[in-house]
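Enquirer: Before we start, here is the structure in question, set down as structure tokens.
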Amino acid sequence: MRHILHADFDAFYAAVEQLDNPELLGKPVVVGGSAEGRGVVASASYEAREYGVRSAMPMRTAQRLCPQAIRLGARFDRYREISQQVMSIFRDLTPLVEPLSLDEAYLDVTLVVDEGQSPSAIAAALKRRVKDELGLTISVGVATSKSVAKIASDMDKPDGLTVVAPGKERAFLAPLPIRDLWGVGPKTAERLIAEGVETIADIAQCKEDWLRERFGKHGAQMRRLALGQDDSPVIVRRETKSVSAETTFARDLGDPDALQEVVERLSQRVAQQLRRKQLQGRTVKLKLRLADFTTFTRQRTLPYAVQSADDLSQSAGELLRAELYGRRRFRLVGVGVSGFEQSEEDPDEPRQLRFAGFG
Ligand code: DCP
Ligand code: MG
Ligand code: MG
């Protein structure tokens with residue numbers, strides 16, 4: 001049996017702002033874009049939530065609901081810094097940490113339990129340590145699976161601790177609305193409700209064939225989750241320190257134009273990964289392997305962070321040209337980026353669910 005924790009900061013961005021400016025403590029704080037633009041709420045303090053303010057709501061609506069709310073722009077670098085600190089506290093407890101976004105992670109604590117501590121004591125100690133060291137509260141769900149732990153961490157926010165004992169998964173899930181179940185998005189929920197399936201217990205009672213007919217493989221999966229059956233493992237992920245792509249040639253290459261083309265193609269691959277991870281970096285690296293297998297890298301640090309394929313291939317191309325002398329021929333070329341900074345954001349449009357930098 002596995003023991004999984006899901007830990008998630010309470011009102012993360014807003015709580016960090018309150019931490020850094022204690023005058024904001026106890027007050028309604030909303031982080032996000034401006035009401036004049038088409039900004040939306042990224043995070044609302046629990047004081048602001050009492051007025052009905054929620055994430056993803058237009059800032060204009062938030063200000064109407066709670067005119068005295070203090071609005072602040074997001075400071076992603078600061079949130080990233082706190083995120084790194086909390087992840088390292090998590091990794092002190094177990095190496096099996098899977099960050100889901102800046103403010104939450106799964107922890108597999110099975111081995112800690114095997115050493116004699118109860119899962120709830122582990123969770124309580126973790127909450128205390130985060131509070132003592134970072135001055136922030138997390139809510140924690142404890143269960144035998146990821147999906148149940150994630151739902152549990154949301155049950156008693158803020159500063160919550162919800163333990164679902166082994167064997168009690170199905171009873172815990174039963175009364176909850178279907179949209180709380182993993183993988184049930186708005187569309188699936190609408191279809192299920194139209195058929196009279198409203199709670200997770202209702203899904204558990206559906207015949208597998210009936211669900212399969214309507215939702216395919218996903219339907220069978222939903223039913224297993226509704227029954228509390230989920231053995232998906234915690235997948236260890238670390239923060240991305242660099243992104244790169246390389247290629248080895250079938251025949252050694254010496255032609256400058258052909259090599260530049262390779263650099264451009266690799267730059268495109270790297271740029272695509274950077275975009276997906278919302279990263280941009282200041283250090284561009286070129287890796288080369290000569291016909292005699294000598295391998296070396298050349299790098300330069302730019303005054304600004306780059307993400308686009310054009311910027312990458314320009315810098316990597318310059319590094320390449322400096323190496324094209326004599327009759328040098330190459331077996332391998334690679335392009336990489338490191339020295340990450342958060343991608344530029346339009347402050348009026350905070351991204352939803354940021355997975356910045358993990359995986
Ligand atoms: N976020 C965002 N846009 C969203 C949702 C979240 O920019 N639509 C950002 C701001 C949040 C952070 O991600 O502070 C973490 O998201 P959570 O869903 O965990 O929300 P909070 O931590 O703000 O509140 P809580 O977890 O207490 O519900
Ligand atoms: Mg949170
Ligand atoms: Mg979260």
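Just remember, in the structure tokens the first chain shown is A, the second B, etc., residues are 1-based per chain, and ligands are 1-based in the order shown.
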Can I get the residues close to ligand 3 as a list in words, where close means within 9 Å and we count only C-alpha atoms and all ligand atoms?
Expert: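 Taking only C-alpha atoms and all ligand atoms into account, the residues around ligand 3 at most 9 Å away are Ala7, Asp8, Phe9, Asp10, Ala11, Phe12, Leu100, Ser101, Leu102, Asp103, Glu104, Ala105 and Leu353 of chain A.
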Enquirer: Pull the strand (DSSP E) assignments for range 7-65 of chain A out of DSSP run on the backbone, and list those residues as a PyMOL selection string.
Expert: chain A and resi 7-9+29-32+41-44
Enquirer: Between A:Asp257, A:Glu195, A:Glu98, A:Glu169, single out the one closest to Gln229 in chain A, counting only C-alpha atoms.
Expert: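 Among A:Asp257, A:Glu195, A:Glu98, A:Glu169, it is A:Glu169 that comes nearest to Gln229 in chain A.
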Enquirer: Please give me, as a PDB file with C-alpha atoms, in the first residue's frame, the residues lying within 10 Å of ligand 1 when counting only C-alpha atoms and all ligand atoms.
Expert:
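The resulting file, pocket02.pdb, is reproduced below:
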ATOM      1  CA  ALA A   7       0.168  19.626  -0.386  1.00  0.00           C
ATOM      2  CA  ASP A   8      -1.044  22.955  -1.748  1.00  0.00           C
ATOM      3  CA  PHE A   9      -0.428  26.519  -0.528  1.00  0.00           C
ATOM      4  CA  ASP A  10      -3.477  28.473   0.598  1.00  0.00           C
ATOM      5  CA  ALA A  11      -4.183  31.495  -1.627  1.00  0.00           C
ATOM      6  CA  PHE A  12      -0.592  31.233  -2.811  1.00  0.00           C
ATOM      7  CA  TYR A  13       0.142  34.515  -4.625  1.00  0.00           C
ATOM      8  CA  ALA A  14      -2.048  36.529  -2.239  1.00  0.00           C
ATOM      9  CA  ALA A  15      -0.504  34.866   0.833  1.00  0.00           C
ATOM     10  CA  VAL A  16       3.025  35.677  -0.386  1.00  0.00           C
ATOM     11  CA  VAL A  30      -6.378  40.116  -4.894  1.00  0.00           C
ATOM     12  CA  VAL A  31      -3.433  39.368  -7.200  1.00  0.00           C
ATOM     13  CA  GLY A  32      -3.931  39.683 -10.933  1.00  0.00           C
ATOM     14  CA  GLY A  33      -4.377  42.048 -13.861  1.00  0.00           C
ATOM     15  CA  VAL A  40      -8.487  38.390 -14.263  1.00  0.00           C
ATOM     16  CA  VAL A  41      -7.964  37.282 -10.685  1.00  0.00           C
ATOM     17  CA  ALA A  42      -5.018  34.903 -10.283  1.00  0.00           C
ATOM     18  CA  SER A  43      -5.310  34.523  -6.525  1.00  0.00           C
ATOM     19  CA  ALA A  44      -7.615  35.908  -3.843  1.00  0.00           C
ATOM     20  CA  SER A  45      -6.906  35.934  -0.100  1.00  0.00           C
ATOM     21  CA  TYR A  46      -9.470  34.120   2.002  1.00  0.00           C
ATOM     22  CA  ARG A  49     -13.212  35.115  -0.872  1.00  0.00           C
ATOM     23  CA  ARG A  54     -12.525  33.705  -6.947  1.00  0.00           C
ATOM     24  CA  SER A  55      -9.585  32.803  -9.213  1.00  0.00           C
ATOM     25  CA  ALA A  56     -10.120  33.302 -12.956  1.00  0.00           C
ATOM     26  CA  MET A  57     -12.881  35.869 -12.321  1.00  0.00           C
ATOM     27  CA  ALA A  74       1.917  39.257  -9.764  1.00  0.00           C
ATOM     28  CA  PHE A  76       6.484  35.597 -10.432  1.00  0.00           C
ATOM     29  CA  TYR A  79       6.613  33.029  -6.138  1.00  0.00           C
ATOM     30  CA  LEU A 100       2.214  19.935 -10.178  1.00  0.00           C
ATOM     31  CA  SER A 101       2.596  23.685 -10.272  1.00  0.00           C
ATOM     32  CA  LEU A 102       4.480  26.313  -8.287  1.00  0.00           C
ATOM     33  CA  ASP A 103       2.266  25.857  -5.251  1.00  0.00           C
ATOM     34  CA  GLU A 104       1.512  22.168  -5.015  1.00  0.00           C
ATOM     35  CA  THR A 137       0.148  27.720   5.376  1.00  0.00           C
ATOM     36  CA  ILE A 138      -0.392  24.699   3.179  1.00  0.00           C
ATOM     37  CA  SER A 139      -3.386  22.399   3.106  1.00  0.00           C
ATOM     38  CA  SER A 153      -6.270  18.591   0.322  1.00  0.00           C
ATOM     39  CA  ASP A 154      -9.051  20.815  -1.001  1.00  0.00           C
ATOM     40  CA  ASP A 156     -10.666  21.854   4.528  1.00  0.00           C
ATOM     41  CA  LYS A 157      -8.859  24.908   3.104  1.00  0.00           C
ATOM     42  CA  PRO A 158      -7.238  27.066   4.366  1.00  0.00           C
ATOM     43  CA  ASP A 159      -4.732  25.420   6.729  1.00  0.00           C
ATOM     44  CA  GLY A 160      -6.482  22.093   6.283  1.00  0.00           C
ATOM     45  CA  GLU A 349      -3.466  38.370 -18.527  1.00  0.00           C
ATOM     46  CA  PRO A 350      -2.014  36.108 -15.875  1.00  0.00           C
ATOM     47  CA  ARG A 351      -1.742  32.598 -17.197  1.00  0.00           C
ATOM     48  CA  GLN A 352      -3.961  29.947 -15.760  1.00  0.00           C
ATOM     49  CA  LEU A 353      -2.370  27.142 -13.820  1.00  0.00           C
ATOM     50  CA  ARG A 354       1.294  27.809 -14.295  1.00  0.00           C
ATOM     51  CA  PHE A 355       3.504  24.766 -14.539  1.00  0.00           C
TER      52      PHE A 355
END
Enquirer: Rank A:Ala121, A:Val335, A:Val130, A:Met87 by their smallest atom-to-atom distance to Ser313 in chain A, using only C-alpha atoms, and report the top residue only.
Expert: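 Closest to Ser313 in chain A of all the choices is A:Val335.
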Enquirer: Could you jot down the CA of Gly167 in chain A to CA of Gln205 in chain A separation for me, Å, one decimal place?
Expert: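 Taking CA of Gly167 in chain A as the start and CA of Gln205 in chain A as the end point, the length is 17.6 Å.
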Enquirer: Give the answer as one residue: which of A:Ser83, A:Thr294, A:Ser88, A:Gln260 has the shortest atom-to-atom distance to ligand 2, using only C-alpha atoms and all ligand atoms?
Expert: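 For ligand 2, the nearest of the given residues is A:Ser83.
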Enquirer: Just asking: which residues within range 184-238 of chain A are alpha helix (DSSP H) according to DSSP, as a ChimeraX atom specification?
Expert: /A:186-194,200-205,208-215,217-226
Enquirer: For the selection you just gave me, I'd like the residues written to a file as a tab-separated table (two decimals), in the first residue's frame, keeping N, CA and C atoms.
Expert:
chain	number	residue	atom	x	y	z
A	186	PRO	N	-15.68	20.19	-17.61
A	186	PRO	CA	-17.04	20.73	-17.72
A	186	PRO	C	-17.90	19.98	-18.74
A	187	LYS	N	-17.31	19.57	-19.87
A	187	LYS	CA	-18.10	18.90	-20.91
A	187	LYS	C	-18.59	17.53	-20.45
A	188	THR	N	-17.63	16.75	-19.90
A	188	THR	CA	-17.99	15.43	-19.40
A	188	THR	C	-19.04	15.55	-18.30
A	189	ALA	N	-18.85	16.53	-17.42
A	189	ALA	CA	-19.79	16.71	-16.31
A	189	ALA	C	-21.19	16.99	-16.86
A	190	GLU	N	-21.27	17.86	-17.86
A	190	GLU	CA	-22.56	18.21	-18.44
A	190	GLU	C	-23.28	16.97	-18.99
A	191	ARG	N	-22.50	16.15	-19.72
A	191	ARG	CA	-23.10	14.94	-20.30
A	191	ARG	C	-23.59	13.99	-19.22
A	192	LEU	N	-22.77	13.84	-18.16
A	192	LEU	CA	-23.15	12.92	-17.09
A	192	LEU	C	-24.39	13.42	-16.35
A	193	ILE	N	-24.43	14.71	-16.07
A	193	ILE	CA	-25.57	15.27	-15.33
A	193	ILE	C	-26.85	15.11	-16.15
A	194	ALA	N	-26.72	15.28	-17.47
A	194	ALA	CA	-27.89	15.09	-18.34
A	194	ALA	C	-28.44	13.67	-18.21
A	200	ILE	N	-20.10	11.30	-7.24
A	200	ILE	CA	-19.10	10.28	-7.56
A	200	ILE	C	-19.67	8.90	-7.27
A	201	ALA	N	-20.54	8.79	-6.26
A	201	ALA	CA	-21.20	7.50	-5.98
A	201	ALA	C	-22.01	7.06	-7.20
A	202	ASP	N	-22.66	8.02	-7.87
A	202	ASP	CA	-23.45	7.68	-9.07
A	202	ASP	C	-22.55	7.07	-10.15
A	203	ILE	N	-21.34	7.65	-10.30
A	203	ILE	CA	-20.41	7.09	-11.30
A	203	ILE	C	-20.01	5.68	-10.89
A	204	ALA	N	-19.72	5.51	-9.59
A	204	ALA	CA	-19.28	4.20	-9.11
A	204	ALA	C	-20.34	3.13	-9.39
A	205	GLN	N	-21.62	3.56	-9.39
A	205	GLN	CA	-22.71	2.60	-9.62
A	205	GLN	C	-22.99	2.35	-11.09
A	208	GLU	N	-19.75	-0.49	-16.19
A	208	GLU	CA	-18.55	-0.10	-16.94
A	208	GLU	C	-18.86	0.02	-18.43
A	209	ASP	N	-19.64	-0.92	-18.97
A	209	ASP	CA	-19.96	-0.88	-20.41
A	209	ASP	C	-20.69	0.41	-20.79
A	210	TRP	N	-21.59	0.82	-19.92
A	210	TRP	CA	-22.37	2.04	-20.16
A	210	TRP	C	-21.42	3.25	-20.27
A	211	LEU	N	-20.45	3.31	-19.35
A	211	LEU	CA	-19.49	4.42	-19.36
A	211	LEU	C	-18.56	4.33	-20.57
A	212	ARG	N	-18.15	3.09	-20.89
A	212	ARG	CA	-17.28	2.87	-22.03
A	212	ARG	C	-17.94	3.32	-23.34
A	213	GLU	N	-19.23	2.97	-23.48
A	213	GLU	CA	-19.96	3.34	-24.70
A	213	GLU	C	-19.94	4.86	-24.90
A	214	ARG	N	-20.06	5.58	-23.81
A	214	ARG	CA	-20.17	7.04	-23.91
A	214	ARG	C	-18.83	7.75	-23.89
A	215	PHE	N	-17.90	7.25	-23.12
A	215	PHE	CA	-16.64	7.98	-22.92
A	215	PHE	C	-15.40	7.17	-23.27
A	217	LYS	N	-12.30	4.66	-23.26
A	217	LYS	CA	-11.38	4.23	-22.21
A	217	LYS	C	-11.46	5.14	-20.98
A	218	HIS	N	-11.66	6.41	-21.28
A	218	HIS	CA	-11.76	7.41	-20.22
A	218	HIS	C	-12.91	7.07	-19.26
A	219	GLY	N	-14.00	6.50	-19.80
A	219	GLY	CA	-15.16	6.15	-18.98
A	219	GLY	C	-14.81	5.07	-17.97
A	220	ALA	N	-14.05	4.09	-18.42
A	220	ALA	CA	-13.65	3.00	-17.52
A	220	ALA	C	-12.73	3.53	-16.43
A	221	GLN	N	-11.87	4.45	-16.84
A	221	GLN	CA	-10.94	5.07	-15.89
A	221	GLN	C	-11.70	5.87	-14.82
A	222	MET	N	-12.72	6.60	-15.26
A	222	MET	CA	-13.53	7.38	-14.32
A	222	MET	C	-14.15	6.49	-13.26
A	223	ARG	N	-14.63	5.35	-13.71
A	223	ARG	CA	-15.29	4.44	-12.79
A	223	ARG	C	-14.29	3.91	-11.75
A	224	ARG	N	-13.09	3.55	-12.22
A	224	ARG	CA	-12.07	3.07	-11.27
A	224	ARG	C	-11.74	4.14	-10.24
A	225	LEU	N	-11.58	5.38	-10.71
A	225	LEU	CA	-11.27	6.46	-9.77
A	225	LEU	C	-12.42	6.67	-8.78
A	226	ALA	N	-13.66	6.56	-9.27
A	226	ALA	CA	-14.83	6.75	-8.41
A	226	ALA	C	-14.88	5.68	-7.33
Enquirer: Got a sec: who's within 8 Å of Arg38 in chain A, counting only C-alpha atoms, leaving out chain neighbours fewer than 2 positions off, as an MDAnalysis selection string?
Expert: chainID A and resid 33:36 40 58:60 348:349
Enquirer: Residues as selected, N, CA and C atoms, written as a short mmCIF file (atom, residue, chain, number, x, y, z; two decimals), in the first residue's frame, can you do that?
Expert:
data_model
loop_
_atom_site.label_atom_id
_atom_site.label_comp_id
_atom_site.auth_asym_id
_atom_site.auth_seq_id
_atom_site.Cartn_x
_atom_site.Cartn_y
_atom_site.Cartn_z
N GLY A 33 -4.44 40.90 -12.95
CA GLY A 33 -4.38 42.05 -13.86
C GLY A 33 -5.32 43.16 -13.43
N SER A 34 -5.15 44.33 -14.04
CA SER A 34 -5.94 45.49 -13.61
C SER A 34 -7.38 45.40 -14.11
N ALA A 35 -8.29 46.06 -13.37
CA ALA A 35 -9.70 46.07 -13.74
C ALA A 35 -9.93 46.91 -14.99
N GLU A 36 -9.03 47.88 -15.24
CA GLU A 36 -9.18 48.75 -16.42
C GLU A 36 -8.95 47.94 -17.69
N VAL A 40 -7.73 39.35 -15.06
CA VAL A 40 -8.49 38.39 -14.26
C VAL A 40 -7.77 38.15 -12.94
N PRO A 58 -13.09 37.87 -13.76
CA PRO A 58 -12.60 39.17 -14.23
C PRO A 58 -12.34 40.10 -13.04
N MET A 59 -11.26 40.85 -13.10
CA MET A 59 -10.92 41.75 -12.00
C MET A 59 -12.02 42.77 -11.76
N ARG A 60 -12.66 43.17 -12.84
CA ARG A 60 -13.77 44.10 -12.73
C ARG A 60 -14.87 43.56 -11.80
N ASP A 348 -1.75 42.00 -17.61
CA ASP A 348 -3.21 42.00 -17.57
C ASP A 348 -3.79 40.62 -17.85
N GLU A 349 -2.94 39.70 -18.24
CA GLU A 349 -3.47 38.37 -18.53
C GLU A 349 -2.64 37.28 -17.86
#
Enquirer: Which residue, A:Phe340, A:Phe249, A:Tyr325, A:Phe296, has the smallest gap to Asp77 in chain A when you use only C-alpha atoms?
Expert: A:Phe340
Enquirer: Which residue is closest to ligand 2? Choose from A:Val140, A:Leu253, A:Val337, A:Ala258 and count only C-alpha atoms and all ligand atoms.
Expert: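 Looking at the shortest contact to ligand 2, the residue is A:Val140.
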Enquirer: Taking into account only C-alpha atoms, which residue in the set A:Leu136, A:Leu181, A:Leu65, A:Leu93 is nearest to Ala152 in chain A?
Expert: A:Leu181
Enquirer: What gap, in Å, lies between CA of Ser267 in chain A and CA of Arg80 in chain A?
Expert: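 Computing the Euclidean distance for CA of Ser267 in chain A and CA of Arg80 in chain A yields 25.9 Å.
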Enquirer: Name all residues at most 10 Å from Ser308 in chain A (count only C-alpha atoms; drop same-chain ones fewer than 6 positions away) and give them as a PyMOL selection string.
Expert: chain A and resi 267-268+270-272+274-275+280
Enquirer: Kindly give the distance, in Å, that separates CA of Gln307 in chain A and CA of Gly39 in chain A, rounded to a single decimal.
Expert: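 A separation of 24.5 Å between them.
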